[in-house]
2 protein chains.
Amino acid sequence: MNTGTEAPRRTRIQQEKRELILEAALEVFSTHGFRGSTIDQIAEAAGMSKPNLLYYFRRKEDIHETLMQRLLDTWLAPLRELDDIGDPMTELRSYIRRKLEMARDFPRESRLFANEILQGAPRIMPLLAGELKTLVDEKAAVIKGWMRAGKIAKTDPWHLIFSIWATTQHYADFDVQVRAVLGPNRGGDGRFEDAARFLEQLFLEGLKPKG
Amino acid sequence: MNTGTEAPRRTRIQQEKRELILEAALEVFSTHGFRGSTIDQIAEAAGMSKPNLLYYFRRKEDIHETLMQRLLDTWLAPLRELDDIGDPMTELRSYIRRKLEMARDFPRESRLFANEILQGAPRIMPLLAGELKTLVDEKAAVIKGWMRAGKIAKTDPWHLIFSIWATTQHYADFDVQVRAVLGPNRGGDGRFEDAARFLEQLFLEGLKPKG
DNA sequence: CTAACGTTTGTCCAATCGGTCAAAAATTTG
DNA sequence: CAAATTTTTGACCGATTGGACAAACGTTAG
């Protein structure tokens, strides 16, 4: 039985070149979107001719699809790690920290994902309503357990997860704006540490003045 | 002196048709990005032929530019309203509420802006580093005053503004994902009220359990 | 060496892109 | 009404797009 999903056998050269192409495509797709990117651009970024690239990926969409499949796995890893063992507040704090680190270390992946969602997620809608929803529902239940146990304040766990996604990914997706607004001094390399400190306080205590 | 920025005189028909085109272009640009959109698409959405559209806007970029200029004004209006008079906590809460209402009522404008920033803000970079930075710095100073006066907790005002932008615009830019994850029940029309309730609690009190 | 296989490229193609242009149609003006 | 002006359109253009293809090239096993 061929389900069409298993990876075909590949030579060593094929594996290497495919990686090279995917790396180049990530760079191009994440800054121009799918329709805004051309095969020539990707081929040039990968240091090969267009027909050569099309020898490894038969269609432009195949590259994008491969990229998105890999992305979702690594992208949701931090949420998968959110576990019931350990102190709830610590768990949440380290989830936020990990997500912010991903925004810092893999901004292209974040932008690729944002581009796809912004345009209506035409290629990954089934994944969102299926795999993603299942995972979020599962983790929302965990968080709800913490709320019932009085370990964290009672709120909507789904919107809590959204707010963590939004605030952390903002530093990857809107990086240009963040740096423009912060200026050369505050917008330097330290901006992620500033963000980490701020987000920790926001999610822990909010803005209400002490005392 | 002609600075090139003042609006030329236009007939009634020109004004109406230009509005029609801008409305159609907002729809198309916001879902496909600039390079992903075609003049034919916009013309069809506006109910006219391509040459006719090009009679009102000579270049594709002119449409986008006009759209972005209008956008920034209305988009930043809520932040401009953030004022020193009145209770700080109330001011912030109503700013968050207004931003969330904009995400609900003008999602296309939000996505148009997000598309531009995602792709490196090639067309509005000067505005970000100029007008926008000035406004944010000004409001950050106001917020800092509130912190010094002990009216709200001490944190980084810039990142506070970022977090408000991120959490509210998330419901416009990532709407497809939000609805997919929430499902048909929780993802219905009530999702914005749920979000409003959650965000109010997050920014006010954070997640620390009471007592 | 040579045959087989995997890799690379130059050339080409149909479709689509942004944009032009002259002429027709509609509207306004006198 | 008729002339002048504005609006609309069909036909067209060069450039770029995603992709096809056969021929050339490189590598390796016998």
# chains A, B, ... in the order shown; residues from 1 in each chain; ligands from 1
>>> interface_residues(of="chain D", to="chain B", cutoff="10 Å", atoms="only C-alpha atoms (C1' of nucleotides)", output="compact mmCIF listing (two decimals) with C-alpha atoms (C1' of nucleotides), in the first residue's frame")
# COMPACT_ATOMS: atom_id res chain seq x y z
C1' DT D 6 -14.19 62.76 -19.50
C1' DT D 7 -14.70 57.89 -19.07
C1' DT D 8 -14.43 53.13 -20.80
C1' DT D 9 -12.75 49.45 -23.50
C1' DG D 10 -10.42 46.00 -26.82
>>> residues_around(residues="segment 14-27 of chain C", least_positions_apart="5", cutoff="10 Å", atoms="only C-alpha atoms (C1' of nucleotides)", output="list in words")
Thr38, Ile39, Asp40, Lys50, Pro51, Leu54, Arg58, Arg59 and Lys60 of chain B; DT5, DT6, DT7, DT8, DT9, DG10, DA11, DC12, DC13, DG14, DA15, DT16, DT17, DG18 and DG19 of chain D
>>> select_by_dssp(residues="chain B", states="alpha helix (DSSP H)", output="ChimeraX atom specification")
/B:12-32,39-46,50-56,60-81,88-105,107-118,125-127,133-148,157-173,175-186,191-205
>>> atom_distance(atom1="atom CA of Leu202 of chain B", atom2="atom CA of Phe203 of chain A")
6.6 Å
>>> interface_residues(of="chain B", to="chain A", cutoff="7 Å", atoms="only C-alpha atoms", output="PyMOL selection string")
chain B and resi 31-32+35-36+111+117-120+128-129+132-133+150-153+155-156+159+163+166-167+170+173-174+176-177+180-181+195+198+202-210
>>> interface_residues(of="chain C", to="chain A", cutoff="10 Å", atoms="only C-alpha atoms (C1' of nucleotides)", output="NGL selection string")
:C and (6-10)
>>> write_last_selection(atoms="all heavy atoms", output="short mmCIF file (atom, residue, chain, number, x, y, z; two decimals), in the first residue's frame")
data_model
loop_
_atom_site.label_atom_id
_atom_site.label_comp_id
_atom_site.auth_asym_id
_atom_site.auth_seq_id
_atom_site.Cartn_x
_atom_site.Cartn_y
_atom_site.Cartn_z
P DG C 6 19.63 6.03 -10.91
OP1 DG C 6 19.14 5.41 -9.67
OP2 DG C 6 18.71 6.31 -12.04
"O5'" DG C 6 20.36 7.38 -10.53
"C5'" DG C 6 21.52 7.33 -9.71
"C4'" DG C 6 22.25 8.66 -9.78
"O4'" DG C 6 22.73 8.87 -11.14
"C3'" DG C 6 21.37 9.87 -9.44
"O3'" DG C 6 22.12 10.73 -8.59
"C2'" DG C 6 21.10 10.53 -10.80
"C1'" DG C 6 22.34 10.16 -11.59
N9 DG C 6 22.13 10.07 -13.02
C8 DG C 6 21.23 9.28 -13.69
N7 DG C 6 21.30 9.41 -15.00
C5 DG C 6 22.31 10.33 -15.19
C6 DG C 6 22.83 10.87 -16.39
O6 DG C 6 22.50 10.63 -17.56
N1 DG C 6 23.86 11.78 -16.13
C2 DG C 6 24.32 12.12 -14.88
N2 DG C 6 25.30 13.01 -14.82
N3 DG C 6 23.84 11.63 -13.75
C4 DG C 6 22.84 10.75 -13.99
P DT C 7 21.43 12.04 -8.00
OP1 DT C 7 22.02 12.28 -6.66
OP2 DT C 7 19.97 11.91 -8.15
"O5'" DT C 7 21.95 13.19 -8.97
"C5'" DT C 7 23.34 13.46 -9.02
"C4'" DT C 7 23.66 14.49 -10.07
"O4'" DT C 7 23.24 14.01 -11.36
"C3'" DT C 7 22.98 15.86 -9.89
"O3'" DT C 7 24.01 16.81 -9.67
"C2'" DT C 7 22.23 16.09 -11.20
"C1'" DT C 7 22.95 15.14 -12.16
N1 DT C 7 22.18 14.66 -13.33
C2 DT C 7 22.54 15.06 -14.59
O2 DT C 7 23.46 15.82 -14.81
N3 DT C 7 21.77 14.54 -15.60
C4 DT C 7 20.71 13.67 -15.48
O4 DT C 7 20.09 13.26 -16.47
C5 DT C 7 20.38 13.28 -14.14
C7 DT C 7 19.24 12.34 -13.89
C6 DT C 7 21.12 13.79 -13.14
P DT C 8 23.65 18.31 -9.30
OP1 DT C 8 24.77 18.89 -8.54
OP2 DT C 8 22.28 18.33 -8.75
"O5'" DT C 8 23.64 19.00 -10.72
"C5'" DT C 8 24.84 19.07 -11.49
"C4'" DT C 8 24.58 19.70 -12.84
"O4'" DT C 8 23.75 18.82 -13.62
"C3'" DT C 8 23.83 21.04 -12.78
"O3'" DT C 8 24.73 22.07 -13.18
"C2'" DT C 8 22.65 20.88 -13.75
"C1'" DT C 8 23.04 19.63 -14.54
N1 DT C 8 21.89 18.81 -15.02
C2 DT C 8 21.71 18.62 -16.36
O2 DT C 8 22.43 19.10 -17.20
N3 DT C 8 20.63 17.84 -16.70
C4 DT C 8 19.73 17.24 -15.82
O4 DT C 8 18.79 16.56 -16.23
C5 DT C 8 19.98 17.47 -14.42
C7 DT C 8 19.07 16.89 -13.38
C6 DT C 8 21.03 18.24 -14.09
P DT C 9 24.25 23.59 -13.15
OP1 DT C 9 25.43 24.43 -12.88
OP2 DT C 9 23.06 23.70 -12.30
"O5'" DT C 9 23.82 23.81 -14.66
"C5'" DT C 9 24.68 23.36 -15.71
"C4'" DT C 9 24.02 23.50 -17.05
"O4'" DT C 9 23.05 22.46 -17.24
"C3'" DT C 9 23.27 24.83 -17.24
"O3'" DT C 9 23.75 25.47 -18.39
"C2'" DT C 9 21.80 24.41 -17.41
"C1'" DT C 9 21.95 22.99 -17.93
N1 DT C 9 20.78 22.11 -17.64
C2 DT C 9 20.19 21.40 -18.67
O2 DT C 9 20.57 21.44 -19.81
N3 DT C 9 19.12 20.63 -18.28
C4 DT C 9 18.59 20.52 -16.99
O4 DT C 9 17.62 19.81 -16.77
C5 DT C 9 19.26 21.30 -15.98
C7 DT C 9 18.77 21.24 -14.58
C6 DT C 9 20.31 22.05 -16.33
P DG C 10 23.50 27.01 -18.67
OP1 DG C 10 24.78 27.71 -18.47
OP2 DG C 10 22.33 27.44 -17.91
"O5'" DG C 10 23.14 27.01 -20.23
"C5'" DG C 10 23.52 25.88 -21.04
"C4'" DG C 10 22.74 25.89 -22.34
"O4'" DG C 10 21.60 25.00 -22.22
"C3'" DG C 10 22.16 27.23 -22.76
"O3'" DG C 10 22.16 27.31 -24.18
"C2'" DG C 10 20.74 27.21 -22.19
"C1'" DG C 10 20.38 25.72 -22.26
N9 DG C 10 19.57 25.26 -21.14
C8 DG C 10 19.63 25.70 -19.84
N7 DG C 10 18.79 25.09 -19.05
C5 DG C 10 18.13 24.19 -19.87
C6 DG C 10 17.11 23.25 -19.58
O6 DG C 10 16.57 23.02 -18.49
N1 DG C 10 16.73 22.53 -20.70
C2 DG C 10 17.27 22.70 -21.96
N2 DG C 10 16.77 21.92 -22.91
N3 DG C 10 18.23 23.56 -22.25
C4 DG C 10 18.60 24.27 -21.16
#
>>> residues_around(residues="Asp83 of chain B", least_positions_apart="5", cutoff="12 Å", atoms="only C-alpha atoms (C1' of nucleotides)", output="count of residues only")
17
>>> closest_residue(among="B:Ala45, B:Leu26, B:Tyr56, B:Arg98", to="Arg70 of chain B", atoms="only C-alpha atoms")
B:Leu26
